[in-house]
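J.: Got a structure here, written out as structure tokens. Questions coming.
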Amino acid sequence: MEQPIWNFEQEPADQPMDETGVNLRAYLDRMDDEKMRQYSPDWTDEQVREWDGNFRDDGELMMFCCERDVEVKEYREVLEECIRYRDRVRGTLVGV
């Protein structure tokens, strides 16, 4: 597996990180940048779930090796942090 150019997984966090938080950041590191740029904070929770395509029928994000479930509220918060991270480092990493 090729490693992503992003390293949001290891960016300092505002809160203590558990295994699930680290895995969510790693999950987002692997998301295509063009896809991530499509995200809108105005979307409903259902639109976010459909856009990501990896949420279970019970509304939780499907990830392996997690201590707890990730609901769409937490997903949105971390995704928006990741978007800010990418906006900050994109020029350095991809020369855009």
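Each chain in the structure tokens gets a letter, A, B, ..., in the order shown, and its residues are numbered from 1; ligands are numbered from 1 in order too.
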If we count only C-alpha atoms and set the cut-off at 10 Å, which residues sit around segment 36-41 of chain A, ignoring sequence neighbours fewer than 6 positions away in its own chain? Please answer as number ranges by chain.
T.: A: 28, 47-48, 51-52, 76-77, 79-80, 82-83, 86-87
J.: Could you give me the residues within segment 42-87 of chain A that DSSP places in helix (DSSP H, G or I), as a compact mmCIF listing (two decimals) with N, CA and C atoms, in the first residue's frame?
T.:
# COMPACT_ATOMS: atom_id res chain seq x y z
N ASP A 45 -26.47 15.33 7.57
CA ASP A 45 -25.70 14.16 8.00
C ASP A 45 -25.84 13.03 6.99
N GLU A 46 -27.03 12.84 6.46
CA GLU A 46 -27.24 11.78 5.47
C GLU A 46 -26.41 12.02 4.21
N GLN A 47 -26.33 13.26 3.76
CA GLN A 47 -25.51 13.58 2.58
C GLN A 47 -24.04 13.29 2.85
N VAL A 48 -23.57 13.58 4.06
CA VAL A 48 -22.18 13.29 4.43
C VAL A 48 -21.94 11.79 4.39
N ARG A 49 -22.87 11.02 4.95
CA ARG A 49 -22.72 9.56 4.95
C ARG A 49 -22.67 9.01 3.53
N GLU A 50 -23.57 9.51 2.67
CA GLU A 50 -23.59 9.05 1.27
C GLU A 50 -22.32 9.46 0.55
N TRP A 51 -21.85 10.67 0.76
CA TRP A 51 -20.65 11.18 0.08
C TRP A 51 -19.44 10.33 0.46
N ASP A 52 -19.30 10.02 1.75
CA ASP A 52 -18.16 9.21 2.17
C ASP A 52 -18.30 7.78 1.66
N VAL A 72 -21.38 10.57 12.88
CA VAL A 72 -21.18 11.59 11.86
C VAL A 72 -20.76 12.93 12.45
N LYS A 73 -21.20 13.27 13.67
CA LYS A 73 -20.80 14.55 14.29
C LYS A 73 -19.29 14.60 14.48
N GLU A 74 -18.72 13.56 15.08
CA GLU A 74 -17.27 13.51 15.27
C GLU A 74 -16.56 13.47 13.92
N TYR A 75 -17.09 12.68 12.99
CA TYR A 75 -16.50 12.58 11.66
C TYR A 75 -16.39 13.96 11.03
N ARG A 76 -17.47 14.73 11.06
CA ARG A 76 -17.47 16.08 10.48
C ARG A 76 -16.42 16.97 11.14
N GLU A 77 -16.35 16.94 12.47
CA GLU A 77 -15.38 17.78 13.18
C GLU A 77 -13.95 17.47 12.76
N VAL A 78 -13.63 16.18 12.71
CA VAL A 78 -12.27 15.78 12.36
C VAL A 78 -12.01 16.02 10.87
N LEU A 79 -13.01 15.77 10.03
CA LEU A 79 -12.88 16.05 8.60
C LEU A 79 -12.59 17.52 8.35
N GLU A 80 -13.31 18.40 9.03
CA GLU A 80 -13.09 19.83 8.84
C GLU A 80 -11.72 20.27 9.36
N GLU A 81 -11.22 19.63 10.42
CA GLU A 81 -9.84 19.87 10.88
C GLU A 81 -8.86 19.43 9.79
N CYS A 82 -9.14 18.28 9.20
CA CYS A 82 -8.27 17.74 8.15
C CYS A 82 -8.25 18.66 6.93
N ILE A 83 -9.39 19.20 6.57
CA ILE A 83 -9.46 20.12 5.44
C ILE A 83 -8.61 21.36 5.72
N ARG A 84 -8.69 21.89 6.94
CA ARG A 84 -7.86 23.04 7.30
C ARG A 84 -6.37 22.67 7.24
N TYR A 85 -6.02 21.48 7.73
CA TYR A 85 -4.64 21.01 7.65
C TYR A 85 -4.17 20.95 6.19
N ARG A 86 -4.98 20.33 5.33
CA ARG A 86 -4.59 20.21 3.92
C ARG A 86 -4.46 21.58 3.25
N ASP A 87 -5.38 22.48 3.56
CA ASP A 87 -5.29 23.82 2.98
C ASP A 87 -3.98 24.50 3.40
J.: I want to know what sits within 7 Å of segment 10-26 of chain A, based on only C-alpha atoms, with residues of the same chain fewer than 4 positions away left out; could you give that as number ranges by chain?
T.: A: 30, 66-68
J.: Please, could you write that set of residues out with N, CA and C atoms as a PDB file, in the first residue's frame?
T.:
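Wrote it out as part-v7.pdb, contents follow:
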ATOM      1  N   ARG A  30      -5.943   9.100   3.770  1.00  0.00           N
ATOM      2  CA  ARG A  30      -6.009   8.294   2.553  1.00  0.00           C
ATOM      3  C   ARG A  30      -7.121   8.725   1.604  1.00  0.00           C
ATOM      4  N   CYS A  66     -10.805  -0.243  15.978  1.00  0.00           N
ATOM      5  CA  CYS A  66     -11.265   0.921  16.731  1.00  0.00           C
ATOM      6  C   CYS A  66     -11.823   0.494  18.072  1.00  0.00           C
ATOM      7  N   GLU A  67     -11.615   1.337  19.058  1.00  0.00           N
ATOM      8  CA  GLU A  67     -12.121   1.081  20.400  1.00  0.00           C
ATOM      9  C   GLU A  67     -13.587   1.464  20.531  1.00  0.00           C
ATOM     10  N   ARG A  68     -14.054   2.363  19.665  1.00  0.00           N
ATOM     11  CA  ARG A  68     -15.414   2.886  19.773  1.00  0.00           C
ATOM     12  C   ARG A  68     -15.932   3.260  18.387  1.00  0.00           C
TER      13      ARG A  68
END
